[in-house]
Amino acid sequence: MARYALIAEPDPHRAASLLALVTAEGLEGVLARDGAEAQELVRQRSAPTLLLTDLALPRVDGFELLSWLRERQDAESTRVVVVTAFDELRVRAWQLKDTLGIHSLLSRRAPTETMRDTVRTALAGQRSVQAPPAESSSSEEERQRLARVDAMRLVDDGPPEAEFQELVSEVAQAFAVPMALLTLVLGDRQWFKAHVGLPHALARDRGTPRDWAFCHHVVMGRESLVVPDARRHPVFRDNPLVREGVIGSYAGAPLVTPQGEVLGTLSLIDTRPLVLGTEDIVALRELARRVAGDLELRSRARQETRDLGRARHEGAQSLGTALTQVRDAIQALDVATLLVAPGRHPFAGNTALSEMLGMPLESIPTLTFESFRQQVAELTADPSGRSLVLDLASESSQGLHLTLTLERPRPRRVRWVARPFRVPGGVAQLLTLSELGGASPREERERMLRVDALTGLATRRVGEEHLLREIARCRRDGVACGVVLVDLVGLGHLNLRHGFDAGDTALRDVARELEALSPPAGGLAVRWEGGTLLLALPGHGAAATEATRERLHAEMNPSLRVHSVSAVVEGEEDPREMLARAQAALARTKAEHHARSPRD
């Protein structure tokens, strides 16, 4: 058996912590970001001494990974430590501990010292598996969470809001699944704030009992949950929605507000097994975070309107209290905002305003409005002229709208909008400065799903769609279509020795090299998965594709080392077979290199 520890963990920060832990115990640490990648590493290197794994892994979940591992003859003495945020999954794993060969089960919230002791115990051949608790959150924590959902007034009897319906439709289309949900998890049920693709009965009821809800696990665990094949999953296969064929697979990310409260989930559902990579789950999690922030802002805005209305009606609020409430509300806004009290006195700004103008927040209440607008004008090309134009709206108007160009700290066009509103004792104003030409929320969501955040290359989903289109075009034109698959050598060791920032920088450098080789007509560089990149070469036959691969190595920065293979689809060959052939060749190349240089 190879003397190494395999860490199956999608989160890079947690993976880095586990790497440090096993290295301190004298083991080589090898990272896998999902269950399928873990299987491939075991095929290349044989079974590990120690496996540290989550149970909610993309592509191949932890239960399936462990079942597969125990069927291998060389894995008989592999020690297994399970670390997961989901208590129900941990309970089921405890029930199957003998079948799956699990030595220890830990909560994600276990302290580092406990993790270290558990690894040492497992390596010594001892088992420390204990029955885990049935619930991850205390009753008091859950009571507070439900009280917060209720206070935000997110559940109503009206039809789903158009904006959120548009969101879930876009998400379903982007991830190529038939169903997407924006769900709030309540005391005894889950409620669909927005949904697309649901069967009629579920759409009519807008929810299910909480006992049926996959989303319940996400909220309790406060983590993204992936169930690639629910029909084979030991926890979910008996769920009524799975038995009825509604859910075949699931991926959900928690709606975590900026204050850390979990409201529900943004989730994807398919009737068939779901093939999502780690990058897809990261994108889904980021979308969920943004949606939660939007829900928080909407709730604050409604509360602000109610509070101000009550103040006007009852005359019971002081001016200071009203302005303080508005001040607190604008802190969560991403748009640069200044609150101006009656009498043209700057009262407070938010972080976005401070960052845009380079103005310390604590200095704003000490300014007059005239000095504030002069400071803004100083950032333009015409300070004297602009300072005369910039102003607040008249109290009886609907608002003042201006456009100006800032030259510092960087050139950009900005929209200046002042809106008056009544408070006890007079009229205050909200002044916003928003950059023009930026992407809309919809465009930003689309960009996140189509562009890999780390390398700036196309995501795998976009790459597959592009490659299939180009292969079809090449067939019509009677020419071949080539691909080059590239994998960065020693990425795991680079991350371990120098940190994930070093590994990320190296991946970005390889991505730039591939982009430079991409032909202008139909070429595309893609972040395929993990440390593997792909270059599509429409119109390139075998010789031209191989020449491009050799050119990559010749022009590559000497500090970067890569494995690469080339492949060509010609005639009527299935493109997916060509890709599988290329990936198998790359895996063989990596295995041969590892046999020669085991530390890479």
# chains A, B, ... in the order shown; residues from 1 in each chain; ligands from 1
>>> closest_atom_pairs(of="stretch 152-225 of chain A", to="stretch 45-58 of chain A", cutoff="10 Å", atoms="only C-alpha atoms", output="JSON lines")
{"residue": "A:Glu223", "atom": "CA", "partner": "A:Ala56", "partner_atom": "CA", "distance": 9.6}
{"residue": "A:Ser224", "atom": "CA", "partner": "A:Ala56", "partner_atom": "CA", "distance": 8.3}
{"residue": "A:Leu225", "atom": "CA", "partner": "A:Ala56", "partner_atom": "CA", "distance": 5.8}
>>> select_by_dssp(residues="stretch 407-512 of chain A", states="strand (DSSP E)", output="short mmCIF file (atom, residue, chain, number, x, y, z; two decimals) with N, CA and C atoms, in the first residue's frame")
data_model
loop_
_atom_site.label_atom_id
_atom_site.label_comp_id
_atom_site.auth_asym_id
_atom_site.auth_seq_id
_atom_site.Cartn_x
_atom_site.Cartn_y
_atom_site.Cartn_z
N ARG A 412 -13.80 56.78 -14.42
CA ARG A 412 -15.09 56.09 -14.49
C ARG A 412 -16.22 57.13 -14.52
N ARG A 413 -17.34 56.72 -15.12
CA ARG A 413 -18.52 57.57 -15.16
C ARG A 413 -19.44 57.17 -14.01
N VAL A 414 -19.97 58.19 -13.34
CA VAL A 414 -20.75 57.96 -12.12
C VAL A 414 -22.08 58.69 -12.22
N ARG A 415 -23.12 58.02 -11.73
CA ARG A 415 -24.45 58.62 -11.66
C ARG A 415 -24.67 59.17 -10.26
N TRP A 416 -24.97 60.48 -10.15
CA TRP A 416 -25.23 61.17 -8.87
C TRP A 416 -26.74 61.31 -8.74
N VAL A 417 -27.34 60.64 -7.76
CA VAL A 417 -28.80 60.68 -7.58
C VAL A 417 -29.10 61.07 -6.14
N ALA A 418 -29.86 62.15 -5.95
CA ALA A 418 -30.29 62.60 -4.62
C ALA A 418 -31.80 62.46 -4.52
N ARG A 419 -32.28 61.80 -3.46
CA ARG A 419 -33.72 61.58 -3.28
C ARG A 419 -34.14 62.08 -1.89
N PRO A 420 -35.10 62.97 -1.84
CA PRO A 420 -35.57 63.48 -0.54
C PRO A 420 -36.59 62.52 0.09
N PHE A 421 -36.64 62.49 1.43
CA PHE A 421 -37.69 61.74 2.14
C PHE A 421 -37.90 62.42 3.50
N ARG A 422 -39.12 62.34 3.97
CA ARG A 422 -39.48 63.03 5.21
C ARG A 422 -39.08 62.23 6.44
N VAL A 423 -38.62 62.95 7.44
CA VAL A 423 -38.32 62.39 8.75
C VAL A 423 -38.91 63.35 9.77
N GLY A 426 -38.33 67.38 9.53
CA GLY A 426 -37.90 67.95 8.26
C GLY A 426 -37.74 66.93 7.15
N VAL A 427 -36.91 67.26 6.17
CA VAL A 427 -36.68 66.41 4.99
C VAL A 427 -35.20 66.05 4.95
N ALA A 428 -34.93 64.74 4.94
CA ALA A 428 -33.57 64.24 4.76
C ALA A 428 -33.40 63.79 3.31
N GLN A 429 -32.17 63.45 2.92
CA GLN A 429 -31.94 62.98 1.55
C GLN A 429 -30.94 61.82 1.56
N LEU A 430 -31.19 60.89 0.63
CA LEU A 430 -30.24 59.83 0.35
C LEU A 430 -29.55 60.17 -0.96
N LEU A 431 -28.24 60.28 -0.92
CA LEU A 431 -27.45 60.59 -2.11
C LEU A 431 -26.66 59.33 -2.48
N THR A 432 -26.86 58.81 -3.70
CA THR A 432 -26.15 57.61 -4.14
C THR A 432 -25.25 57.96 -5.31
N LEU A 433 -24.08 57.32 -5.34
CA LEU A 433 -23.12 57.46 -6.44
C LEU A 433 -22.88 56.06 -7.01
N SER A 434 -23.41 55.79 -8.20
CA SER A 434 -23.30 54.47 -8.79
C SER A 434 -22.54 54.53 -10.10
N GLU A 435 -21.64 53.59 -10.28
CA GLU A 435 -20.82 53.56 -11.48
C GLU A 435 -21.65 53.10 -12.67
N CYS A 481 -11.20 18.34 -35.64
CA CYS A 481 -11.21 19.26 -34.49
C CYS A 481 -10.35 18.64 -33.40
N GLY A 482 -9.33 19.38 -32.97
CA GLY A 482 -8.42 18.84 -31.97
C GLY A 482 -8.61 19.47 -30.60
N VAL A 483 -8.11 18.80 -29.58
CA VAL A 483 -8.07 19.36 -28.23
C VAL A 483 -6.72 19.03 -27.61
N VAL A 484 -6.28 19.90 -26.72
CA VAL A 484 -5.10 19.65 -25.89
C VAL A 484 -5.55 19.72 -24.44
N LEU A 485 -5.31 18.65 -23.69
CA LEU A 485 -5.59 18.63 -22.25
C LEU A 485 -4.28 18.87 -21.52
N VAL A 486 -4.31 19.77 -20.53
CA VAL A 486 -3.10 20.19 -19.81
C VAL A 486 -3.35 20.08 -18.32
N ASP A 487 -2.38 19.53 -17.59
CA ASP A 487 -2.50 19.40 -16.14
C ASP A 487 -1.22 19.91 -15.49
N LEU A 488 -1.37 20.78 -14.49
CA LEU A 488 -0.22 21.37 -13.81
C LEU A 488 0.45 20.32 -12.91
#
>>> residues_around(residues="stretch 168-170 of chain A", least_positions_apart="6", cutoff="10 Å", atoms="only C-alpha atoms", output="ChimeraX atom specification")
/A:176-182,194-197,266-268,442,445-446
>>> write_last_selection(atoms="C-alpha atoms", output="mmCIF file, in the first residue's frame")
data_model
loop_
_atom_site.group_PDB
_atom_site.id
_atom_site.type_symbol
_atom_site.label_atom_id
_atom_site.label_comp_id
_atom_site.auth_asym_id
_atom_site.auth_seq_id
_atom_site.Cartn_x
_atom_site.Cartn_y
_atom_site.Cartn_z
ATOM 1 C CA ALA A 176 -29.013 22.377 -17.275
ATOM 2 C CA VAL A 177 -31.473 20.959 -14.729
ATOM 3 C CA PRO A 178 -35.278 20.848 -14.957
ATOM 4 C CA MET A 179 -35.955 22.221 -11.456
ATOM 5 C CA ALA A 180 -34.563 25.056 -9.319
ATOM 6 C CA LEU A 181 -35.921 26.350 -6.002
ATOM 7 C CA LEU A 182 -35.515 29.303 -3.669
ATOM 8 C CA ALA A 194 -39.719 30.862 -6.037
ATOM 9 C CA HIS A 195 -39.658 27.686 -8.121
ATOM 10 C CA VAL A 196 -39.425 26.383 -11.657
ATOM 11 C CA GLY A 197 -40.090 22.917 -13.053
ATOM 12 C CA LEU A 266 -30.967 27.917 -3.384
ATOM 13 C CA SER A 267 -31.152 24.432 -4.869
ATOM 14 C CA LEU A 268 -31.031 22.407 -8.078
ATOM 15 C CA ARG A 442 -28.665 39.178 -14.147
ATOM 16 C CA ARG A 445 -25.046 35.921 -12.412
ATOM 17 C CA GLU A 446 -24.581 34.812 -15.994
#
>>> select_by_dssp(residues="stretch 94-243 of chain A", states="helix (DSSP H, G or I)", output="count of residues only")
69
>>> atom_distance(atom1="atom CA of A:Asp156", atom2="atom CA of A:Pro258")
22.8 Å
>>> atom_distance(atom1="atom CA of A:Leu392", atom2="atom CA of A:Thr351")
20.7 Å
>>> closest_residue(among="A:Thr99, A:Arg90, A:Val291, A:Val155", to="A:Glu76", atoms="only C-alpha atoms")
A:Thr99
>>> closest_residue(among="A:Gln583, A:Ser139, A:Thr78, A:Ser564", to="A:Thr548", atoms="only C-alpha atoms")
A:Ser564
>>> residues_around(residues="A:Gly456", least_positions_apart="3", cutoff="10 Å", atoms="only C-alpha atoms", output="ChimeraX atom specification")
/A:450-453,459,508,511-512,525-527
>>> residues_around(residues="stretch 28-32 of chain A", least_positions_apart="6", cutoff="7 Å", atoms="only C-alpha atoms", output="JSON list (two decimals) with N, CA and C atoms, in the first residue's frame")
[["chain", "number", "residue", "atom", "x", "y", "z"],
["A", 4, "TYR", "N", 0.54, 7.20, 1.86],
["A", 4, "TYR", "CA", 0.06, 8.57, 1.67],
["A", 4, "TYR", "C", -1.34, 8.69, 2.26],
["A", 5, "ALA", "N", -1.75, 9.93, 2.48],
["A", 5, "ALA", "CA", -3.10, 10.23, 2.97],
["A", 5, "ALA", "C", -3.88, 10.90, 1.84],
["A", 6, "LEU", "N", -5.03, 10.36, 1.51],
["A", 6, "LEU", "CA", -5.91, 10.94, 0.50],
["A", 6, "LEU", "C", -6.97, 11.77, 1.20],
["A", 7, "ILE", "N", -7.07, 13.05, 0.82],
["A", 7, "ILE", "CA", -8.02, 13.98, 1.44],
["A", 7, "ILE", "C", -9.06, 14.34, 0.41],
["A", 8, "ALA", "N", -10.28, 13.84, 0.56],
["A", 8, "ALA", "CA", -11.39, 14.15, -0.35],
["A", 8, "ALA", "C", -12.20, 15.27, 0.28],
["A", 9, "GLU", "N", -11.91, 16.50, -0.12],
["A", 9, "GLU", "CA", -12.50, 17.68, 0.51],
["A", 9, "GLU", "C", -12.63, 18.80, -0.53],
["A", 19, "LEU", "N", -4.31, 18.95, 5.14],
["A", 19, "LEU", "CA", -2.98, 18.65, 4.59],
["A", 19, "LEU", "C", -1.90, 18.87, 5.64],
["A", 22, "VAL", "N", -2.01, 15.97, 8.31],
["A", 22, "VAL", "CA", -1.45, 14.65, 7.95],
["A", 22, "VAL", "C", 0.05, 14.75, 7.68],
["A", 38, "ALA", "N", -11.08, 11.41, -6.39],
["A", 38, "ALA", "CA", -10.48, 10.51, -5.40],
["A", 38, "ALA", "C", -10.34, 9.10, -5.97],
["A", 492, "GLY", "N", -0.63, 19.89, -5.90],
["A", 492, "GLY", "CA", -0.87, 19.60, -4.48],
["A", 492, "GLY", "C", 0.33, 19.95, -3.60]]
>>> atom_distance(atom1="atom CA of A:Phe192", atom2="atom CA of A:Phe175")
19.2 Å
>>> residues_around(residues="A:His233", least_positions_apart="3", cutoff="12 Å", atoms="only C-alpha atoms", output="count of residues only")
28
>>> residues_around(residues="stretch 251-255 of chain A", least_positions_apart="4", cutoff="10 Å", atoms="only C-alpha atoms", output="JSON, numbers by chain")
{"A": [56, 58, 180, 181, 182, 183, 184, 214, 215, 216, 217, 218, 219, 220, 221, 222, 223, 224, 225, 226, 227, 228, 260, 261, 262, 263, 264, 265, 266, 267, 268, 269, 270, 274, 276, 280, 281, 282, 283, 284, 285, 286, 287, 288, 289, 290, 291, 292, 293, 295]}
